[in-house]
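Chemist: Sharing run.cif (mmCIF, C-alpha atoms) below.
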data_entry
#
loop_
_atom_site.label_atom_id
_atom_site.label_comp_id
_atom_site.auth_asym_id
_atom_site.auth_seq_id
_atom_site.Cartn_x
_atom_site.Cartn_y
_atom_site.Cartn_z
CA MET A 1 0.00 0.00 0.00
CA ASN A 2 2.81 2.38 0.88
CA LEU A 3 4.48 1.63 -2.46
CA ILE A 4 1.27 2.56 -4.33
CA LEU A 5 1.00 5.83 -2.39
CA GLU A 6 4.65 6.64 -3.09
CA PHE A 7 4.11 5.91 -6.79
CA LEU A 8 1.06 8.21 -6.91
CA LEU A 9 3.07 10.89 -5.12
CA LEU A 10 5.84 10.45 -7.70
CA VAL A 11 3.36 10.92 -10.54
CA GLY A 12 2.11 14.09 -8.85
CA VAL A 13 5.67 15.40 -8.45
CA ILE A 14 6.43 14.68 -12.12
CA ILE A 15 3.30 16.49 -13.31
CA TYR A 16 4.01 19.43 -10.99
CA SER A 17 7.65 19.60 -12.21
CA TYR A 18 6.57 19.74 -15.86
CA LEU A 19 3.99 22.43 -15.11
CA GLU A 20 6.57 24.40 -13.14
CA SER A 21 9.07 24.18 -16.02
CA LEU A 22 6.38 25.30 -18.47
CA VAL A 23 5.54 28.35 -16.35
CA LYS A 24 9.25 29.25 -16.02
CA LEU A 25 9.51 29.42 -19.81
CA PHE A 26 7.36 32.57 -19.70
CA ILE A 27 8.54 34.09 -16.42
CA PRO A 28 12.13 35.47 -16.33
CA ARG A 29 14.25 33.92 -13.59
CA ARG A 30 15.23 36.20 -10.74
CA ARG A 31 18.91 37.14 -10.93
CA LYS A 32 20.92 36.96 -7.71
CA SER A 33 23.49 39.55 -6.68
CA VAL A 34 27.18 38.61 -6.71
CA THR A 35 28.43 42.09 -5.85
CA GLY A 36 31.42 41.88 -3.54
CA GLN A 37 31.59 38.07 -3.68
CA THR A 38 34.95 36.40 -4.27
CA VAL A 39 34.95 34.58 -7.62
CA LEU A 40 37.78 32.22 -8.59
CA ILE A 41 38.17 31.48 -12.29
CA THR A 42 40.64 28.95 -13.68
CA GLY A 43 41.93 29.33 -17.23
CA ALA A 44 41.17 33.06 -17.08
CA GLY A 45 43.94 34.23 -19.39
CA HIS A 46 41.98 33.88 -22.62
CA GLY A 47 38.73 32.82 -24.29
CA ILE A 48 35.68 31.98 -22.18
CA GLY A 49 37.56 32.38 -18.88
CA ARG A 50 38.82 35.87 -19.71
CA LEU A 51 35.41 37.09 -20.88
CA THR A 52 33.64 35.48 -17.92
CA ALA A 53 35.98 37.48 -15.68
CA TYR A 54 34.89 40.65 -17.51
CA GLU A 55 31.24 39.75 -16.96
CA PHE A 56 31.80 39.20 -13.23
CA ALA A 57 33.71 42.51 -13.10
CA LYS A 58 30.58 44.22 -14.43
CA GLN A 59 28.72 42.68 -11.49
CA LYS A 60 31.35 44.24 -9.14
CA SER A 61 32.55 40.87 -7.90
CA ARG A 62 35.98 40.36 -6.35
CA LEU A 63 37.99 38.36 -8.89
CA VAL A 64 40.73 35.80 -8.31
CA LEU A 65 42.40 34.76 -11.56
CA TRP A 66 43.99 31.59 -10.21
CA ASP A 67 47.12 30.82 -8.38
CA ILE A 68 46.27 27.65 -6.46
CA ASN A 69 49.01 28.03 -3.80
CA LYS A 70 48.12 31.61 -2.74
CA VAL A 71 44.30 31.81 -3.04
CA LYS A 72 43.09 30.86 0.47
CA ARG A 73 45.91 32.71 2.22
CA GLU A 74 45.53 35.97 0.30
CA VAL A 75 41.77 36.31 -0.31
CA GLY A 76 40.10 34.04 2.25
CA ASP A 77 36.99 32.01 1.47
CA VAL A 78 35.97 31.74 -2.18
CA GLU A 79 32.22 32.08 -2.78
CA ILE A 80 32.07 31.25 -6.49
CA VAL A 81 34.48 28.99 -8.38
CA VAL A 82 34.44 28.64 -12.17
CA ASN A 83 36.42 25.58 -13.31
CA ASN A 84 37.11 26.78 -16.82
CA ALA A 85 40.63 25.54 -17.65
CA GLY A 86 40.57 23.13 -20.56
CA ALA A 87 42.80 21.14 -22.92
CA ILE A 88 42.03 19.61 -26.32
CA TYR A 89 44.20 17.74 -28.83
CA PRO A 90 42.22 16.74 -31.96
CA ALA A 91 43.57 13.46 -33.30
CA ASP A 92 42.59 9.89 -34.01
CA LEU A 93 43.19 7.61 -31.04
CA LEU A 94 46.37 5.99 -32.39
CA SER A 95 47.90 9.37 -33.25
CA ALA A 96 47.10 10.85 -29.83
CA LYS A 97 50.25 11.15 -27.71
CA ASP A 98 50.18 9.56 -24.28
CA GLU A 99 51.21 12.81 -22.59
CA GLU A 100 48.41 14.69 -24.39
CA ILE A 101 45.82 12.16 -23.22
CA THR A 102 47.15 12.47 -19.66
CA LYS A 103 47.10 16.28 -19.77
CA THR A 104 43.55 16.28 -21.18
CA PHE A 105 42.28 14.36 -18.15
CA GLU A 106 44.45 16.25 -15.66
CA VAL A 107 43.12 19.62 -16.81
CA ASN A 108 39.56 18.78 -17.89
CA ILE A 109 38.47 16.68 -14.91
CA LEU A 110 41.13 15.80 -12.29
CA GLY A 111 41.77 19.49 -11.67
CA HIS A 112 38.09 19.89 -10.76
CA PHE A 113 38.48 17.35 -7.98
CA TRP A 114 41.55 18.98 -6.42
CA ILE A 115 40.17 22.52 -6.63
CA ILE A 116 36.75 21.65 -5.21
CA LYS A 117 38.25 19.49 -2.45
CA ALA A 118 40.31 22.53 -1.42
CA LEU A 119 37.44 25.04 -1.52
CA LEU A 120 34.37 22.98 -0.58
CA PRO A 121 34.93 22.78 3.23
CA SER A 122 34.38 26.51 3.74
CA MET A 123 31.30 26.41 1.49
CA LEU A 124 29.90 23.53 3.55
CA ARG A 125 30.46 25.44 6.79
CA ARG A 126 28.60 28.46 5.41
CA ASN A 127 26.06 26.44 3.35
CA SER A 128 26.71 29.03 0.68
CA GLY A 129 28.59 29.21 -2.59
CA HIS A 130 28.39 28.39 -6.29
CA ILE A 131 30.44 25.75 -8.14
CA VAL A 132 30.60 26.08 -11.93
CA THR A 133 31.83 23.22 -14.12
CA VAL A 134 32.75 24.24 -17.66
CA ALA A 135 32.14 21.14 -19.78
CA SER A 136 30.95 20.89 -23.40
CA VAL A 137 28.25 19.47 -25.60
CA CYS A 138 30.90 16.75 -26.06
CA GLY A 139 30.03 15.73 -22.51
CA HIS A 140 26.63 14.57 -23.81
CA GLY A 141 27.43 13.36 -27.32
CA VAL A 142 30.54 12.21 -29.16
CA ILE A 143 32.60 13.54 -32.06
CA PRO A 144 35.24 11.46 -33.90
CA TYR A 145 38.91 12.42 -33.44
CA LEU A 146 38.15 13.85 -29.99
CA ILE A 147 38.10 10.64 -27.93
CA PRO A 148 40.14 11.89 -24.93
CA TYR A 149 38.35 15.26 -24.95
CA CYS A 150 34.86 13.73 -25.16
CA SER A 151 35.72 11.21 -22.46
CA SER A 152 37.00 13.92 -20.11
CA LYS A 153 33.94 16.10 -20.71
CA PHE A 154 31.57 13.19 -20.05
CA ALA A 155 33.47 12.86 -16.76
CA ALA A 156 33.06 16.59 -16.08
CA VAL A 157 29.28 16.40 -16.63
CA GLY A 158 29.18 13.35 -14.36
CA PHE A 159 31.20 15.24 -11.74
CA HIS A 160 28.69 18.10 -11.83
CA ARG A 161 25.66 15.81 -11.54
CA ALA A 162 27.14 13.64 -8.79
CA LEU A 163 28.32 16.66 -6.78
CA THR A 164 24.88 18.28 -7.15
CA ALA A 165 23.19 15.11 -5.87
CA GLU A 166 25.64 14.78 -2.97
CA LEU A 167 25.13 18.38 -1.82
CA ASP A 168 21.37 17.86 -1.95
CA THR A 169 21.68 14.66 0.11
CA LEU A 170 23.79 16.54 2.67
CA GLY A 171 21.08 19.20 2.91
CA LYS A 172 23.49 21.89 1.68
CA THR A 173 20.95 23.52 -0.65
CA GLY A 174 22.62 26.91 -0.22
CA ILE A 175 25.52 25.71 -2.38
CA LYS A 176 24.49 26.06 -6.01
CA THR A 177 25.96 24.24 -9.01
CA SER A 178 25.98 25.00 -12.73
CA CYS A 179 27.44 23.17 -15.73
CA LEU A 180 28.23 25.00 -18.99
CA CYS A 181 27.89 22.94 -22.19
CA PRO A 182 28.55 24.95 -25.38
CA VAL A 183 29.11 23.69 -28.91
CA PHE A 184 32.29 24.71 -30.78
CA VAL A 185 33.66 28.02 -29.51
CA ASN A 186 36.00 30.16 -31.59
CA THR A 187 38.85 30.25 -29.06
CA GLY A 188 41.58 28.96 -31.37
CA PHE A 189 42.07 25.64 -29.55
CA THR A 190 40.26 23.77 -32.34
CA LYS A 191 41.47 24.95 -35.74
CA ASN A 192 38.96 25.88 -38.46
CA PRO A 193 35.81 24.33 -36.94
CA SER A 194 32.64 24.28 -39.05
CA THR A 195 29.24 22.59 -38.93
CA ARG A 196 26.02 22.78 -40.91
CA LEU A 197 23.51 22.63 -38.05
CA TRP A 198 25.35 24.19 -35.09
CA PRO A 199 26.82 27.68 -35.00
CA VAL A 200 30.48 28.22 -34.18
CA LEU A 201 30.14 30.43 -31.11
CA GLU A 202 32.09 33.51 -30.16
CA PRO A 203 33.47 33.54 -26.59
CA GLU A 204 31.54 36.71 -25.75
CA GLU A 205 28.20 34.97 -26.35
CA VAL A 206 29.21 31.99 -24.24
CA ALA A 207 30.44 34.19 -21.38
CA ARG A 208 27.15 36.13 -21.35
CA SER A 209 25.14 32.90 -21.29
CA LEU A 210 27.33 31.57 -18.48
CA ILE A 211 26.98 34.64 -16.24
CA ASN A 212 23.21 34.71 -16.82
CA GLY A 213 23.00 31.03 -15.88
CA ILE A 214 25.03 31.60 -12.71
CA LEU A 215 22.95 34.60 -11.63
CA THR A 216 19.73 32.62 -12.11
CA ASN A 217 21.12 29.42 -10.50
CA LYS A 218 20.60 27.39 -13.68
CA LYS A 219 21.84 23.80 -13.32
CA MET A 220 22.68 22.97 -16.96
CA ILE A 221 23.58 25.80 -19.33
CA PHE A 222 23.49 24.76 -23.00
CA VAL A 223 24.76 27.24 -25.60
CA PRO A 224 22.82 27.60 -27.81
CA SER A 225 19.88 26.59 -25.65
CA TYR A 226 18.17 24.49 -28.36
CA ILE A 227 21.04 21.96 -28.17
CA ASN A 228 19.22 20.50 -25.17
CA ILE A 229 16.28 19.56 -27.39
CA SER A 230 18.49 17.85 -29.99
CA LEU A 231 20.23 15.84 -27.27
CA ILE A 232 16.87 14.64 -25.94
CA LEU A 233 15.76 13.63 -29.44
CA GLU A 234 18.97 11.63 -29.92
CA LYS A 235 17.91 9.30 -27.10
CA PHE A 236 14.81 8.25 -29.04
CA LEU A 237 16.12 8.09 -32.61
CA PRO A 238 17.35 4.81 -34.14
CA GLU A 239 21.05 4.42 -34.95
CA ARG A 240 20.52 4.72 -38.72
CA ALA A 241 18.78 8.09 -38.25
CA LEU A 242 21.58 9.33 -35.97
CA LYS A 243 24.18 8.44 -38.60
CA ALA A 244 22.19 10.32 -41.24
CA ILE A 245 22.02 13.39 -38.98
CA SER A 246 25.78 13.16 -38.42
CA ARG A 247 26.39 13.16 -42.19
CA ILE A 248 24.13 16.20 -42.62
CA GLN A 249 25.81 17.94 -39.68
CA ASN A 250 29.21 17.48 -41.38
CA ILE A 251 31.35 18.61 -38.45
CA GLN A 252 34.85 19.57 -39.62
CA PHE A 253 38.04 20.78 -37.93
CA GLU A 254 41.78 20.22 -38.22
CA ALA A 255 42.95 16.99 -36.58
CA ILE A 256 45.96 14.69 -36.64
CA VAL A 257 44.93 11.52 -38.49
CA GLY A 258 47.52 8.89 -39.31
CA HIS A 259 50.10 11.32 -37.83
CA LYS A 260 49.23 13.95 -40.48
CA THR A 261 47.13 17.11 -40.11
CA LYS A 262 43.86 16.87 -42.03
CA MET A 263 40.42 18.47 -42.05
CA LYS A 264 38.00 15.98 -40.44
#
Show me the file's structure as structure tokens.
Modeler:
Amino acid sequence: MNLILEFLLLVGVIIYSYLESLVKLFIPRRRKSVTGQTVLITGAGHGIGRLTAYEFAKQKSRLVLWDINKVKREVGDVEIVVNNAGAIYPADLLSAKDEEITKTFEVNILGHFWIIKALLPSMLRRNSGHIVTVASVCGHGVIPYLIPYCSSKFAAVGFHRALTAELDTLGKTGIKTSCLCPVFVNTGFTKNPSTRLWPVLEPEEVARSLINGILTNKKMIFVPSYINISLILEKFLPERALKAISRIQNIQFEAIVGHKTKMK
């Protein structure tokens, strides 16, 4: 009997959640204030990290542009951390160098663990803070010649989701989490990217979307936002249809294939 009641309650929660999401489509989310808060951004020297720092500066936040050994001693508790540092080496698996694979995982996911382990205790004490994981659409779907990168970004998305669930279980609902998942961004790391169905984004657009997502406590920030719909559809389409979409998409960029640089 209890199981039946719990199931009925679950159905009610699901219906309520869908209705709530529908209403939120038409009502702008309230933006929180980050004025005066200490924001730590990794990989802030260029691209998304640099422009995200500019956006936080407009909000009059106190910025820390990353030196891991001096942060806690010099600025005290960090209230917002943006794990933005990233590494990518486009190549087929056999052409990928061992040290490049290692660095990809060290920067794209292992660094998240060490940084958050260092900063989370003070957030837990205060039950306040915001942890931002910069991942990629490659953390939800795969692209050939980016096996280490896709694998590390799947891990980053998993890190975000597992950390979010753990904080909720601990009752630390004052600590917010966000995960940024853009498509190709014109930062220069991937040479000459092009697609038919996705735009190649400019860093300014991604940074604006990220800061808006942080200020509205958005959990998953897709850029562009309609990517979320295409990812949902992929779960229901047969393999033959997905291959046809991939051919139409025609994603291209420079990559090392057979130890030679080619457009793939």
Chemist: Using only C-alpha atoms, can you tell me which of A:Lys235, A:Val134, A:Val185, A:Gly76 comes closest to Gly111 in chain A?
Modeler: A:Val134
Chemist: Starting from the point (28.8, 22.0, -26.5), work out which residues of protein, DNA or RNA have an atom no more than 6 Å away when counting all atoms listed in the file; state them as a list in words.
Modeler: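 Nearby residues: Ser136, Val137, Cys138, Cys181, Pro182 and Val183 of chain A.
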Chemist: In the coordinate frame of the file, compute which residues have an atom within 9 Å of (32.0, 18.9, -36.5) when using all atoms listed in the file, and state them as a ChimeraX atom specification.
Modeler: /A:143-144,184,193-196,198,246,249-253,264
Chemist: Would you please work out which residue, of A:Ala44, A:Leu201, A:Ala155, A:Ile131, is nearest to Ile109 in chain A when using all atoms listed in the file?
Modeler: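 Closest to Ile109 in chain A, using all atoms listed in the file: A:Ala155.
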Chemist: Quick one: distance from CA of Phe113 in chain A to CA of Gly158 in chain A in Å, one decimal?
Modeler: 12.0 Å
Chemist: Find the residue from A:Leu233, A:Ala53, A:Ile147, A:Leu9 that sits nearest to Pro203 in chain A; use all atoms listed in the file when measuring.
Modeler: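 Smallest distance to Pro203 in chain A is found for A:Ala53.
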Chemist: Given the file shown, determine the residues that the PyMOL selection byres ((chain A and resi 129) around 7) selects; report them as an mmCIF file with C-alpha atoms, in the frame of the given file.
Modeler:
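As written to disk, out-v8.cif reads:
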data_model
loop_
_atom_site.group_PDB
_atom_site.id
_atom_site.type_symbol
_atom_site.label_atom_id
_atom_site.label_comp_id
_atom_site.auth_asym_id
_atom_site.auth_seq_id
_atom_site.Cartn_x
_atom_site.Cartn_y
_atom_site.Cartn_z
ATOM 1 C CA GLU A 79 32.220 32.080 -2.780
ATOM 2 C CA ILE A 80 32.070 31.250 -6.490
ATOM 3 C CA MET A 123 31.300 26.410 1.490
ATOM 4 C CA SER A 128 26.710 29.030 0.680
ATOM 5 C CA HIS A 130 28.390 28.390 -6.290
ATOM 6 C CA ILE A 131 30.440 25.750 -8.140
ATOM 7 C CA GLY A 174 22.620 26.910 -0.220
ATOM 8 C CA ILE A 175 25.520 25.710 -2.380
ATOM 9 C CA LYS A 176 24.490 26.060 -6.010
#
Chemist: For the PyMOL selection byres ((chain A and resi 149) around 9), applied here, can you spell out every residue it catches as a list in words?
Modeler: Ala87, Ile88, Tyr89, Pro90, Ile101, Thr104, Phe105, Asn108, Cys138, Gly139, Tyr145, Leu146, Ile147, Pro148, Cys150, Ser151, Ser152, Lys153 and Phe154 of chain A
Chemist: Rank A:Leu197, A:Leu40, A:Ile4, A:Val82 by their smallest atom-to-atom distance to Arg62 in chain A, using all atoms listed in the file, and report the top residue only.
Modeler: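 Counting all atoms listed in the file, the residue closest to Arg62 in chain A is A:Leu40.
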Chemist: Check what the PyMOL selection byres ((chain A and resi 50) around 12) selects in the file above and give those residues as a ChimeraX atom specification.
Modeler: /A:40-49,51-57,63-66,82,84-85,187,203-204,206-208
Chemist: Give, as AutoDock Vina command-line options, the centre coordinates and the x, y and z edge lengths in Å to one decimal for an axis-aligned box around all listed atoms of range 9-15 of chain A, padded by 4 Å on each side.
Modeler:
--center_x 4.3 --center_y 13.5 --center_z -9.2 --size_x 12.3 --size_y 14.0 --size_z 16.2
Chemist: Expressed in Å to a single decimal, how great is the separation between CA of Val11 in chain A and CA of Phe236 in chain A?
Modeler: 21.9 Å
Chemist: CA of Ser33 in chain A and CA of Thr133 in chain A are how many Å apart?
Modeler: 19.8 Å
Chemist: Which of these residues is nearest to Asn127 in chain A, using all atoms listed in the file: A:Glu106, A:Ile229, A:Arg31, A:Leu170?
Modeler: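 Among A:Glu106, A:Ile229, A:Arg31, A:Leu170, it is A:Leu170 that comes nearest to Asn127 in chain A.
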Chemist: Counting all atoms listed in the file, which residue out of A:Ala255, A:Leu242, A:Ala156, A:Arg126 sits closest to Leu110 in chain A?
Modeler: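 That would be A:Ala156, the residue with the smallest distance to Leu110 in chain A.
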